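Trainee: Have a peek at protein07.cif (mmCIF, C-alpha atoms and all ligand atoms).
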data_final
#
loop_
_atom_site.label_atom_id
_atom_site.label_comp_id
_atom_site.auth_asym_id
_atom_site.auth_seq_id
_atom_site.Cartn_x
_atom_site.Cartn_y
_atom_site.Cartn_z
CA GLU B 11 70.50 -27.52 -126.57
CA LYS B 12 66.73 -27.06 -126.62
CA GLY B 13 67.05 -26.59 -130.37
CA GLY B 14 65.18 -23.28 -130.40
CA TYR B 15 62.25 -24.59 -128.34
CA ASP B 16 61.30 -23.02 -125.00
CA HIS B 17 61.38 -26.33 -123.20
CA PHE B 18 62.83 -29.80 -123.63
CA MET B 19 59.33 -31.21 -123.44
CA LEU B 20 58.21 -29.27 -126.50
CA LYS B 21 61.37 -30.20 -128.39
CA GLU B 22 60.80 -33.85 -127.55
CA ILE B 23 57.15 -33.69 -128.61
CA TYR B 24 58.29 -32.33 -131.98
CA GLU B 25 60.97 -34.97 -132.35
CA GLN B 26 58.40 -37.74 -132.47
CA PRO B 27 58.14 -38.10 -136.26
CA SER B 28 61.88 -38.60 -136.58
CA VAL B 29 62.40 -40.81 -133.53
CA ILE B 30 59.52 -43.10 -134.46
CA LYS B 31 61.21 -43.48 -137.83
CA ASP B 32 64.57 -44.10 -136.12
CA THR B 33 62.86 -46.77 -134.04
CA TYR B 34 61.51 -48.74 -136.98
CA ARG B 35 64.40 -48.07 -139.39
CA GLY B 36 66.15 -51.30 -140.39
CA ARG B 37 63.44 -53.30 -138.65
CA LEU B 38 60.31 -52.63 -140.69
CA HIS B 39 60.29 -53.22 -144.45
CA ALA B 40 56.72 -52.86 -145.64
CA ASP B 41 57.71 -53.43 -149.29
CA LYS B 42 59.13 -56.85 -148.39
CA GLY B 43 56.50 -57.70 -145.81
CA ILE B 44 59.13 -57.95 -143.08
CA VAL B 45 59.26 -56.81 -139.46
CA GLN B 46 62.28 -58.01 -137.58
CA MET B 47 64.19 -57.14 -134.46
CA ALA B 48 67.30 -59.14 -133.62
CA GLY B 49 66.27 -59.70 -130.01
CA VAL B 50 62.92 -61.10 -131.10
CA GLU B 51 64.29 -63.21 -133.99
CA ASP B 52 66.87 -64.82 -131.71
CA ASN B 53 64.14 -65.84 -129.29
CA LEU B 54 61.21 -66.29 -131.61
CA GLU B 55 60.26 -69.72 -130.28
CA LYS B 56 60.09 -68.44 -126.73
CA PHE B 57 57.60 -65.84 -127.88
CA THR B 58 55.52 -68.08 -130.11
CA ASN B 59 55.38 -70.83 -127.47
CA ALA B 60 54.40 -68.42 -124.73
CA ASN B 61 51.07 -69.17 -123.11
CA ARG B 62 51.04 -65.69 -121.70
CA ILE B 63 52.94 -62.43 -121.91
CA LEU B 64 53.38 -60.36 -118.77
CA ILE B 65 54.26 -56.72 -119.26
CA ILE B 66 55.79 -54.94 -116.28
CA ALA B 67 56.47 -51.23 -116.05
CA CYS B 68 55.68 -48.02 -114.17
CA GLY B 69 54.03 -44.72 -115.09
CA THR B 70 53.96 -43.80 -118.75
CA SER B 71 55.79 -47.01 -119.68
CA TRP B 72 52.96 -48.92 -118.00
CA HIS B 73 50.52 -47.03 -120.23
CA ALA B 74 52.52 -48.11 -123.31
CA GLY B 75 52.25 -51.66 -121.93
CA LEU B 76 48.47 -51.31 -121.74
CA VAL B 77 48.30 -50.23 -125.39
CA ALA B 78 50.45 -53.29 -126.19
CA GLU B 79 48.02 -55.53 -124.33
CA TYR B 80 45.29 -54.60 -126.80
CA VAL B 81 47.60 -54.81 -129.82
CA ILE B 82 49.35 -58.10 -128.98
CA GLU B 83 46.12 -59.86 -128.02
CA GLU B 84 44.40 -58.72 -131.20
CA PHE B 85 47.28 -59.43 -133.58
CA ALA B 86 49.01 -62.45 -132.06
CA ARG B 87 46.21 -63.95 -129.93
CA ILE B 88 48.49 -64.42 -126.92
CA PRO B 89 46.96 -63.47 -123.56
CA VAL B 90 48.66 -60.43 -122.06
CA GLU B 91 48.64 -59.13 -118.51
CA VAL B 92 50.03 -55.71 -117.68
CA GLU B 93 51.33 -55.12 -114.19
CA TYR B 94 52.70 -52.23 -112.21
CA ALA B 95 56.20 -53.40 -111.37
CA SER B 96 55.75 -52.30 -107.75
CA GLU B 97 52.65 -54.46 -107.29
CA PHE B 98 54.06 -57.43 -109.17
CA ARG B 99 57.22 -57.66 -107.11
CA TYR B 100 55.49 -57.69 -103.75
CA ARG B 101 52.72 -60.13 -104.57
CA ASN B 102 54.54 -63.47 -104.85
CA PRO B 103 53.28 -63.58 -108.43
CA ILE B 104 52.56 -66.83 -110.24
CA ILE B 105 54.99 -67.19 -113.11
CA TYR B 106 55.08 -70.23 -115.38
CA PRO B 107 58.26 -71.29 -117.18
CA ASP B 108 56.63 -70.60 -120.55
CA ASP B 109 55.65 -67.07 -119.63
CA VAL B 110 57.40 -64.29 -121.46
CA VAL B 111 57.92 -61.14 -119.43
CA ILE B 112 58.39 -57.84 -121.23
CA ALA B 113 59.81 -55.05 -119.07
CA VAL B 114 59.26 -51.55 -120.46
CA SER B 115 61.37 -48.65 -119.22
CA GLN B 116 62.61 -45.47 -120.81
CA SER B 117 65.49 -44.94 -118.41
CA GLY B 118 66.23 -48.59 -117.77
CA GLU B 119 66.90 -47.61 -114.15
CA THR B 120 63.49 -47.69 -112.46
CA ALA B 121 64.03 -49.53 -109.17
CA ASP B 122 60.70 -51.35 -109.03
CA THR B 123 60.93 -52.51 -112.64
CA LEU B 124 64.47 -53.76 -112.08
CA ALA B 125 63.42 -55.67 -108.96
CA ALA B 126 60.42 -57.17 -110.80
CA ILE B 127 62.76 -58.40 -113.55
CA LYS B 128 65.04 -60.09 -111.02
CA LEU B 129 62.04 -61.81 -109.45
CA ALA B 130 60.69 -63.01 -112.81
CA LYS B 131 64.13 -64.40 -113.67
CA GLU B 132 64.36 -66.21 -110.35
CA LYS B 133 61.03 -67.85 -111.15
CA GLY B 134 62.33 -69.04 -114.49
CA ALA B 135 60.69 -66.66 -116.95
CA PHE B 136 62.30 -65.35 -120.10
CA VAL B 137 62.58 -61.58 -119.69
CA PHE B 138 62.70 -59.21 -122.63
CA GLY B 139 63.48 -55.50 -122.19
CA VAL B 140 62.19 -52.49 -124.10
CA CYS B 141 64.48 -49.66 -122.99
CA ASN B 142 65.62 -46.35 -124.37
CA VAL B 143 68.95 -46.01 -122.62
CA VAL B 144 71.67 -48.21 -124.09
CA GLY B 145 73.61 -50.12 -121.44
CA SER B 146 71.14 -49.20 -118.67
CA SER B 147 70.65 -51.54 -115.71
CA ILE B 148 67.43 -53.01 -117.12
CA SER B 149 68.95 -53.57 -120.54
CA ARG B 150 71.76 -55.50 -118.87
CA GLU B 151 69.53 -57.46 -116.51
CA THR B 152 67.14 -58.77 -119.20
CA HIS B 153 67.81 -61.87 -121.35
CA ALA B 154 67.23 -59.99 -124.59
CA GLY B 155 65.56 -56.83 -125.75
CA ALA B 156 64.82 -54.20 -128.35
CA TYR B 157 65.78 -50.59 -127.84
CA THR B 158 63.57 -47.65 -128.57
CA HIS B 159 65.55 -45.05 -130.49
CA ALA B 160 64.02 -41.95 -128.94
CA GLY B 161 67.35 -40.31 -128.12
CA PRO B 162 67.84 -38.65 -124.73
CA GLU B 163 64.58 -37.65 -123.07
CA ILE B 164 65.32 -34.75 -120.73
CA GLY B 165 61.84 -33.50 -119.84
CA VAL B 166 60.54 -35.35 -116.80
CA ALA B 167 57.20 -35.80 -118.55
CA SER B 168 57.65 -38.69 -120.90
CA THR B 169 56.55 -38.02 -124.49
CA LYS B 170 58.71 -39.46 -127.27
CA ALA B 171 59.62 -42.45 -125.10
CA PHE B 172 55.93 -43.38 -124.96
CA THR B 173 55.32 -43.29 -128.72
CA THR B 174 58.54 -45.14 -129.50
CA GLN B 175 57.69 -47.81 -126.91
CA ILE B 176 54.34 -48.30 -128.64
CA THR B 177 56.18 -48.52 -131.96
CA VAL B 178 58.47 -51.33 -130.73
CA LEU B 179 55.66 -53.21 -129.00
CA THR B 180 53.49 -52.97 -132.11
CA MET B 181 56.33 -54.33 -134.25
CA ILE B 182 56.66 -57.23 -131.80
CA ALA B 183 52.92 -57.88 -132.11
CA LEU B 184 53.16 -57.88 -135.90
CA ARG B 185 56.16 -60.20 -135.89
CA LEU B 186 54.35 -62.65 -133.61
CA ALA B 187 51.18 -62.43 -135.69
CA LYS B 188 53.18 -63.40 -138.75
CA ALA B 189 54.96 -66.24 -136.97
CA LYS B 190 51.75 -67.61 -135.48
CA GLY B 191 49.59 -67.04 -138.55
CA THR B 192 47.01 -65.19 -136.47
CA MET B 193 46.52 -62.28 -138.86
CA ASN B 194 45.48 -62.51 -142.47
CA ASN B 195 48.05 -61.39 -144.95
CA SER B 196 46.22 -58.36 -146.26
CA ASP B 197 45.71 -56.96 -142.74
CA TYR B 198 49.36 -57.69 -141.99
CA GLN B 199 50.52 -55.83 -145.10
CA ARG B 200 48.17 -52.95 -144.41
CA TYR B 201 49.53 -52.56 -140.88
CA LEU B 202 53.13 -52.54 -142.08
CA LEU B 203 52.32 -49.85 -144.61
CA GLU B 204 50.32 -47.81 -142.12
CA LEU B 205 53.08 -48.02 -139.50
CA GLU B 206 55.55 -46.74 -142.06
CA LEU B 207 53.27 -43.75 -142.65
CA ILE B 208 52.95 -42.91 -138.96
CA PRO B 209 55.86 -40.41 -138.83
CA GLU B 210 54.28 -38.19 -141.48
CA LYS B 211 50.89 -38.49 -139.80
CA VAL B 212 52.44 -37.53 -136.45
CA GLU B 213 53.90 -34.53 -138.27
CA GLU B 214 50.39 -33.64 -139.35
CA ALA B 215 49.03 -34.25 -135.84
CA LEU B 216 51.61 -31.74 -134.55
CA GLN B 217 49.77 -29.09 -136.55
CA THR B 218 47.12 -29.24 -133.83
CA ASN B 219 49.49 -27.12 -131.75
CA GLU B 220 47.61 -23.86 -132.31
CA VAL B 221 44.20 -25.28 -131.55
CA ALA B 222 45.61 -27.07 -128.49
CA LYS B 223 47.01 -23.72 -127.32
CA THR B 224 43.68 -21.97 -127.80
CA ILE B 225 41.86 -24.67 -125.85
CA ALA B 226 44.56 -24.51 -123.16
CA GLY B 227 43.84 -20.81 -122.72
CA ILE B 228 40.16 -21.54 -122.07
CA TYR B 229 40.64 -24.34 -119.53
CA LYS B 230 43.93 -23.48 -117.85
CA ASP B 231 42.22 -22.61 -114.56
CA ALA B 232 40.02 -25.68 -114.35
CA PRO B 233 40.58 -27.51 -111.06
CA ASN B 234 39.75 -30.90 -112.55
CA CYS B 235 39.70 -32.63 -115.90
CA LEU B 236 38.45 -36.01 -117.10
CA TYR B 237 39.90 -38.01 -120.00
CA LEU B 238 37.84 -40.72 -121.65
CA GLY B 239 38.78 -43.26 -124.31
CA ARG B 240 37.89 -46.81 -125.27
CA GLY B 241 39.75 -49.82 -126.56
CA TYR B 242 43.19 -48.92 -127.87
CA ASN B 243 42.62 -45.37 -126.68
CA PHE B 244 41.69 -46.15 -123.10
CA PRO B 245 45.41 -46.18 -122.16
CA VAL B 246 45.81 -42.90 -124.05
CA ALA B 247 43.16 -41.38 -121.76
CA LEU B 248 45.24 -42.51 -118.76
CA GLU B 249 48.39 -41.07 -120.32
CA GLY B 250 46.67 -37.77 -121.21
CA ALA B 251 45.54 -37.39 -117.60
CA LEU B 252 48.99 -38.25 -116.23
CA LYS B 253 50.61 -35.66 -118.50
CA LEU B 254 48.22 -32.95 -117.32
CA LYS B 255 48.54 -33.70 -113.61
CA GLU B 256 52.29 -34.06 -113.53
CA ILE B 257 53.17 -30.82 -115.29
CA SER B 258 50.24 -28.48 -114.59
CA TYR B 259 49.16 -29.79 -111.16
CA ILE B 260 45.54 -29.94 -112.29
CA HIS B 261 43.77 -32.97 -110.94
CA ALA B 262 42.97 -35.23 -113.88
CA GLU B 263 41.63 -38.74 -114.25
CA GLY B 264 41.56 -41.08 -117.19
CA TYR B 265 38.75 -43.60 -117.55
CA PRO B 266 37.52 -46.11 -120.08
CA ALA B 267 34.60 -44.13 -121.56
CA ALA B 268 31.98 -46.71 -120.63
CA GLU B 269 33.02 -46.60 -116.97
CA MET B 270 31.80 -43.02 -116.78
CA LYS B 271 28.33 -44.22 -115.80
CA HIS B 272 29.77 -46.19 -112.90
CA GLY B 273 30.86 -43.18 -110.90
CA PRO B 274 32.67 -40.29 -112.58
CA ILE B 275 29.47 -39.03 -114.22
CA ALA B 276 28.58 -37.60 -110.80
CA LEU B 277 31.42 -35.09 -111.21
CA ILE B 278 30.08 -33.63 -114.43
CA ASP B 279 28.70 -30.10 -114.44
CA GLU B 280 29.26 -26.97 -116.52
CA HIS B 281 32.69 -26.46 -114.95
CA MET B 282 34.12 -29.83 -115.89
CA PRO B 283 36.24 -30.13 -119.05
CA ILE B 284 36.20 -33.65 -120.46
CA VAL B 285 38.69 -34.73 -123.08
CA VAL B 286 37.13 -37.47 -125.19
CA ILE B 287 39.27 -39.50 -127.56
CA ALA B 288 36.89 -40.30 -130.40
CA PRO B 289 38.61 -41.42 -133.60
CA LYS B 290 36.22 -42.81 -136.14
CA GLN B 291 37.07 -46.40 -135.22
CA ASN B 292 37.29 -47.65 -131.64
CA HIS B 293 33.60 -48.03 -130.87
CA TYR B 294 32.84 -44.63 -132.32
CA ASP B 295 29.05 -44.86 -131.86
CA LYS B 296 29.41 -45.77 -128.23
CA VAL B 297 31.72 -42.83 -127.64
CA VAL B 298 29.26 -40.52 -129.41
CA SER B 299 26.55 -41.60 -126.98
CA ASN B 300 28.90 -40.94 -124.05
CA ILE B 301 29.40 -37.44 -125.45
CA GLN B 302 25.63 -36.94 -125.59
CA GLU B 303 25.35 -37.99 -121.95
CA ILE B 304 28.04 -35.50 -120.98
CA LYS B 305 26.38 -32.67 -122.92
CA ALA B 306 23.07 -33.46 -121.22
CA ARG B 307 24.87 -32.61 -117.97
CA SER B 308 26.49 -29.46 -119.39
CA GLY B 309 30.07 -30.81 -119.31
CA LYS B 310 32.55 -29.18 -121.67
CA ILE B 311 33.77 -31.52 -124.40
CA ILE B 312 37.20 -31.37 -125.96
CA ALA B 313 37.14 -34.13 -128.57
CA VAL B 314 40.03 -35.68 -130.47
CA VAL B 315 38.52 -36.84 -133.77
CA THR B 316 39.50 -38.16 -137.16
CA LYS B 317 39.91 -35.51 -139.84
CA GLY B 318 36.59 -34.81 -141.54
CA ASP B 319 34.45 -35.95 -138.62
CA THR B 320 31.02 -34.29 -138.50
CA GLN B 321 29.03 -36.21 -135.89
CA VAL B 322 31.21 -35.42 -132.88
CA ARG B 323 31.89 -31.92 -134.17
CA ALA B 324 28.16 -31.20 -133.94
CA LEU B 325 28.16 -32.07 -130.24
CA ALA B 326 31.56 -31.06 -128.90
CA ASP B 327 32.64 -27.65 -127.59
CA HIS B 328 36.04 -28.07 -129.23
CA VAL B 329 37.45 -30.54 -131.70
CA ILE B 330 41.04 -31.45 -132.46
CA GLU B 331 41.50 -33.31 -135.76
CA ILE B 332 44.08 -36.00 -136.34
CA PRO B 333 44.76 -37.97 -139.54
CA ASP B 334 43.09 -41.29 -140.20
CA THR B 335 45.02 -44.52 -139.67
CA SER B 336 44.37 -48.20 -138.89
CA GLU B 337 42.58 -48.73 -135.62
CA ALA B 338 45.41 -50.25 -133.59
CA LEU B 339 47.77 -47.42 -134.54
CA THR B 340 45.48 -44.57 -133.46
CA PRO B 341 47.20 -44.19 -130.04
CA LEU B 342 50.32 -42.95 -131.84
CA LEU B 343 48.29 -40.05 -133.20
CA THR B 344 45.69 -39.32 -130.49
CA THR B 345 48.50 -38.93 -127.94
CA ILE B 346 50.04 -35.96 -129.76
CA PRO B 347 47.38 -33.27 -129.16
CA LEU B 348 47.04 -34.40 -125.53
CA GLN B 349 50.77 -33.82 -124.99
CA LEU B 350 50.45 -30.37 -126.56
CA LEU B 351 47.38 -29.51 -124.51
CA SER B 352 49.11 -30.32 -121.21
CA TYR B 353 52.23 -28.51 -122.31
CA HIS B 354 50.40 -25.27 -123.08
CA ILE B 355 48.29 -25.43 -119.91
CA ALA B 356 51.45 -25.91 -117.82
CA VAL B 357 53.21 -23.01 -119.54
CA MET B 358 50.19 -20.74 -119.03
CA ARG B 359 50.08 -21.70 -115.35
CA GLU B 360 53.78 -20.81 -115.14
CA CYS B 361 54.72 -24.29 -114.00
CA ASN B 362 58.18 -25.75 -114.34
CA VAL B 363 57.38 -27.85 -117.40
CA ASP B 364 60.64 -29.76 -117.69
CA GLN B 365 61.12 -30.33 -113.97
CA PRO B 366 57.79 -30.53 -112.21
CA ARG B 367 57.82 -30.30 -108.41
CA ASN B 368 58.38 -33.50 -106.44
CA LEU B 369 59.32 -35.55 -109.49
CA ALA B 370 62.57 -37.09 -110.68
CA LYS B 371 63.32 -38.28 -114.18
CA SER B 372 63.99 -41.78 -113.07
CA VAL B 373 62.72 -43.25 -109.85
CA THR B 374 65.69 -45.25 -108.63
CA VAL B 375 64.32 -45.73 -105.12
CA GLU B 376 61.16 -47.70 -104.46
O1 LIG C 1 62.19 -44.77 -117.03
P1 LIG C 1 60.89 -45.48 -116.89
O2 LIG C 1 60.16 -45.61 -118.17
O3 LIG C 1 61.02 -46.82 -116.19
O4 LIG C 1 60.02 -44.56 -115.95
C1 LIG C 1 58.74 -44.93 -115.51
C2 LIG C 1 58.01 -43.75 -114.92
O5 LIG C 1 58.68 -43.26 -113.81
C3 LIG C 1 57.81 -42.62 -115.94
O6 LIG C 1 57.20 -43.08 -117.11
C4 LIG C 1 56.96 -41.49 -115.35
O7 LIG C 1 55.66 -41.94 -115.11
C5 LIG C 1 56.99 -40.29 -116.30
N1 LIG C 1 57.60 -39.14 -115.65
C6 LIG C 1 55.63 -39.83 -116.71
O8 LIG C 1 55.70 -38.77 -117.60
#
Write out the structure in this file as structure tokens.
Ligand code: M6R
Mentor:
Amino acid sequence: EKGGYDHFMLKEIYEQPSVIKDTYRGRLHADKGIVQMAGVEDNLEKFTNANRILIIACGTSWHAGLVAEYVIEEFARIPVEVEYASEFRYRNPIIYPDDVVIAVSQSGETADTLAAIKLAKEKGAFVFGVCNVVGSSISRETHAGAYTHAGPEIGVASTKAFTTQITVLTMIALRLAKAKGTMNNSDYQRYLLELELIPEKVEEALQTNEVAKTIAGIYKDAPNCLYLGRGYNFPVALEGALKLKEISYIHAEGYPAAEMKHGPIALIDEHMPIVVIAPKQNHYDKVVSNIQEIKARSGKIIAVVTKGDTQVRALADHVIEIPDTSEALTPLLTTIPLQLLSYHIAVMRECNVDQPRNLAKSVTVE
């Protein structure tokens, strides 16, 4: 059932090229310039008339929501707020009738997300679900939705659910950009084509497995680890840190790279590994100067870079290369080596990768 892999998590990491394709199949037609999902088409006016989109989720799904905040705001120019479902539901939130709420949940059973949906509905919002489990409570409770087609995710650490959630949310952003005329046609076409190429680029990103394993061997005993990223890759830094802490029990924190100066820099010494997500877009020069600041304090840099990069390579202790793509799609690629890195560290520390201590696959109690 693990398909020859040692763990479900590894199998699910390797399934990402095919499940991303399954998720956009029938919905994305780059040759025709079309992105369409029935749930969005049927409610297109609600989306295009929205003054604001609220995304509610927990954990990894909340990280996918954060990526979507950057993508939807950039493409469709609709303000987006991303909320932890647990905070949203207990805050007497302000919800306007023309708000669109998007609830993101792999399992479709997360108690806080479900309660937040009920509250948003009571307050008159239109609620759209992005779920992986067909017929789940959240998929039934929402007004409409679009499924991710990740297939069953067994490993407690979410991997393929995350990248397929980003795929659906990016398609929504593109559809809204087209409907609102907020993106020029050549950028729109380029994004459709690039999204179609993502599965083969994820396949290529999976070839970082060996280098991720080597790096894992060097840092497996580190007590702490920092993850830094900017823009679209700030949420990937959060997700990378969550993956490491939940399966290897190493304390890890994700930060927007520029926030380093506002506190975390005090932690840096020769014992601190710092994973820096530094694709050639995403404020590359700024990230390079963050790397210089870390090196000046003897921190150890593990950098995720675009293939062919030379500038970061000259500074970093280790580099992991991923293929080039359009800026907003980089999270789909930068995530891959971070999943592999946590996986190998957890295996080397003899942790229970698929069922980490204290965690359940879906949190059905608040
Ligand atoms: O099923 P959901 O997407 O609603 O679950 C939300 C979180 O519990 C989940 O993403 C959790 O953070 C993962 N175990 C992280 O890997």
Trainee: Sort by chain and increasing residue number a table of all residues of chain B within 9 Å of ligand LIG 1 (chain C), each with its closest pair of atoms and their distance in Å to one decimal, counting all atoms listed in the file, and write it as JSON lines.
Mentor:
{"residue": "B:Ala67", "atom": "CA", "partner": "C:LIG1", "partner_atom": "O3", "distance": 6.3}
{"residue": "B:Cys68", "atom": "CA", "partner": "C:LIG1", "partner_atom": "C1", "distance": 4.6}
{"residue": "B:Gly69", "atom": "CA", "partner": "C:LIG1", "partner_atom": "O7", "distance": 3.2}
{"residue": "B:Thr70", "atom": "CA", "partner": "C:LIG1", "partner_atom": "O6", "distance": 3.7}
{"residue": "B:Ser71", "atom": "CA", "partner": "C:LIG1", "partner_atom": "O2", "distance": 4.8}
{"residue": "B:Trp72", "atom": "CA", "partner": "C:LIG1", "partner_atom": "O6", "distance": 7.3}
{"residue": "B:His73", "atom": "CA", "partner": "C:LIG1", "partner_atom": "O6", "distance": 8.4}
{"residue": "B:Ala113", "atom": "CA", "partner": "C:LIG1", "partner_atom": "O3", "distance": 8.8}
{"residue": "B:Val114", "atom": "CA", "partner": "C:LIG1", "partner_atom": "O2", "distance": 6.4}
{"residue": "B:Ser115", "atom": "CA", "partner": "C:LIG1", "partner_atom": "O2", "distance": 3.4}
{"residue": "B:Gln116", "atom": "CA", "partner": "C:LIG1", "partner_atom": "O2", "distance": 3.6}
{"residue": "B:Ser117", "atom": "CA", "partner": "C:LIG1", "partner_atom": "O1", "distance": 3.6}
{"residue": "B:Gly118", "atom": "CA", "partner": "C:LIG1", "partner_atom": "O1", "distance": 5.6}
{"residue": "B:Glu119", "atom": "CA", "partner": "C:LIG1", "partner_atom": "O1", "distance": 6.2}
{"residue": "B:Thr120", "atom": "CA", "partner": "C:LIG1", "partner_atom": "O3", "distance": 4.6}
{"residue": "B:Ala121", "atom": "CA", "partner": "C:LIG1", "partner_atom": "O3", "distance": 8.1}
{"residue": "B:Asp122", "atom": "CA", "partner": "C:LIG1", "partner_atom": "O3", "distance": 8.5}
{"residue": "B:Thr123", "atom": "CA", "partner": "C:LIG1", "partner_atom": "O3", "distance": 6.7}
{"residue": "B:Leu124", "atom": "CA", "partner": "C:LIG1", "partner_atom": "O3", "distance": 8.8}
{"residue": "B:Cys141", "atom": "CA", "partner": "C:LIG1", "partner_atom": "O2", "distance": 7.6}
{"residue": "B:Asn142", "atom": "CA", "partner": "C:LIG1", "partner_atom": "O1", "distance": 8.3}
{"residue": "B:Val143", "atom": "CA", "partner": "C:LIG1", "partner_atom": "O1", "distance": 8.9}
{"residue": "B:Ile148", "atom": "CA", "partner": "C:LIG1", "partner_atom": "O3", "distance": 9.0}
{"residue": "B:Gly165", "atom": "CA", "partner": "C:LIG1", "partner_atom": "N1", "distance": 8.2}
{"residue": "B:Val166", "atom": "CA", "partner": "C:LIG1", "partner_atom": "N1", "distance": 4.9}
{"residue": "B:Ala167", "atom": "CA", "partner": "C:LIG1", "partner_atom": "O8", "distance": 3.5}
{"residue": "B:Ser168", "atom": "CA", "partner": "C:LIG1", "partner_atom": "O8", "distance": 3.8}
{"residue": "B:Thr169", "atom": "CA", "partner": "C:LIG1", "partner_atom": "O8", "distance": 7.0}
{"residue": "B:Ala171", "atom": "CA", "partner": "C:LIG1", "partner_atom": "O2", "distance": 7.6}
{"residue": "B:Phe172", "atom": "CA", "partner": "C:LIG1", "partner_atom": "O6", "distance": 8.0}
{"residue": "B:Glu249", "atom": "CA", "partner": "C:LIG1", "partner_atom": "O8", "distance": 8.1}
{"residue": "B:Leu252", "atom": "CA", "partner": "C:LIG1", "partner_atom": "C6", "distance": 6.8}
{"residue": "B:Lys253", "atom": "CA", "partner": "C:LIG1", "partner_atom": "O8", "distance": 6.0}
{"residue": "B:Glu256", "atom": "CA", "partner": "C:LIG1", "partner_atom": "O8", "distance": 7.1}
{"residue": "B:Ile257", "atom": "CA", "partner": "C:LIG1", "partner_atom": "O8", "distance": 8.7}
{"residue": "B:Leu369", "atom": "CA", "partner": "C:LIG1", "partner_atom": "N1", "distance": 7.3}
{"residue": "B:Ala370", "atom": "CA", "partner": "C:LIG1", "partner_atom": "N1", "distance": 7.3}
{"residue": "B:Lys371", "atom": "CA", "partner": "C:LIG1", "partner_atom": "N1", "distance": 6.0}
{"residue": "B:Ser372", "atom": "CA", "partner": "C:LIG1", "partner_atom": "O1", "distance": 5.3}
{"residue": "B:Val373", "atom": "CA", "partner": "C:LIG1", "partner_atom": "O5", "distance": 5.7}
{"residue": "B:Thr374", "atom": "CA", "partner": "C:LIG1", "partner_atom": "O5", "distance": 8.9}
Trainee: Counting all atoms listed in the file, which residues of segment 174-198 of chain B fall within 12 Å of segment 61-65 of chain B, and what is the closest atom pair for each with its distance in Å at one decimal, ordered by chain and rising number, as JSON lines?
Mentor:
{"residue": "B:Leu179", "atom": "CA", "partner": "B:Ile65", "partner_atom": "CA", "distance": 10.4}
{"residue": "B:Ile182", "atom": "CA", "partner": "B:Ile63", "partner_atom": "CA", "distance": 11.8}
{"residue": "B:Ala183", "atom": "CA", "partner": "B:Ile63", "partner_atom": "CA", "distance": 11.2}
{"residue": "B:Leu186", "atom": "CA", "partner": "B:Ile63", "partner_atom": "CA", "distance": 11.8}
Trainee: Rounded to one decimal place, report the atom CA of Met181 of chain B-atom CA of Asn194 of chain B distance in Å.
Mentor: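 Atom-to-atom, atom CA of Met181 of chain B to atom CA of Asn194 of chain B, that is 15.9 Å.
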Trainee: Contacts of Met282 of chain B at 7 Å or less, counting only C-alpha atoms, minus same-chain residues fewer than 6 places along, as a PyMOL selection string?
Mentor: chain B and resi 234-235+309-310
Trainee: Report, in Å to a single decimal, how far apart atom CA of Lys290 of chain B and atom CA of Arg307 of chain B are.
Mentor: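 About the pair atom CA of Arg307 of chain B and atom CA of Lys290 of chain B: they are 23.7 Å apart.
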Trainee: Taking all atoms listed in the file into account, which of B:Phe85, B:Gln217, B:Tyr106, B:Ala324 comes nearest Glu337 of chain B?
Mentor: B:Phe85
Trainee: Work out how far apart atom CA of Ala154 of chain B and atom CA of Arg37 of chain B are and give it in Å to one decimal.
Mentor: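 Straight-line distance from atom CA of Ala154 of chain B to atom CA of Arg37 of chain B works out to 16.0 Å.
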Trainee: My list of candidates is B:Ile176, B:Met193, B:Ile44, B:Val77. Which is closest to Ile208 of chain B when distances are computed with all atoms listed in the file?
Mentor: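 Distance minimum relative to Ile208 of chain B lands on B:Ile176.
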Trainee: Closest to Glu132 of chain B among B:Ser149, B:Thr335, B:Asn102, B:Ser299, using only C-alpha atoms?
Mentor: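 Looking at the shortest contact to Glu132 of chain B, the residue is B:Asn102.
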Trainee: Fewer than 2 positions away in the same chain doesn't count, so skip those; otherwise give me all residues within 12 Å of Leu202 of chain B, counting all atoms listed in the file, as JSON, numbers by chain.
Mentor: {"B": [34, 37, 38, 39, 40, 41, 42, 43, 44, 45, 46, 177, 180, 181, 182, 183, 184, 185, 187, 188, 195, 196, 197, 198, 199, 200, 204, 205, 206, 207, 208, 335, 336, 338, 339]}
Trainee: Point out the residue among B:Lys223, B:Lys12, B:Lys230, B:Lys128 with the least atom-to-atom distance to Arg359 of chain B, counting only C-alpha atoms.
Mentor: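 Checking each of B:Lys223, B:Lys12, B:Lys230, B:Lys128 against Arg359 of chain B, counting only C-alpha atoms, the winner is B:Lys230.
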Trainee: Out of B:Arg35, B:Val111, B:Val314, B:Gly161, which residue has the shortest atom-to-atom distance to Gly139 of chain B when counting all atoms listed in the file?
Mentor: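 Of B:Arg35, B:Val111, B:Val314, B:Gly161, the one nearest Gly139 of chain B, counting all atoms listed in the file, is B:Val111.
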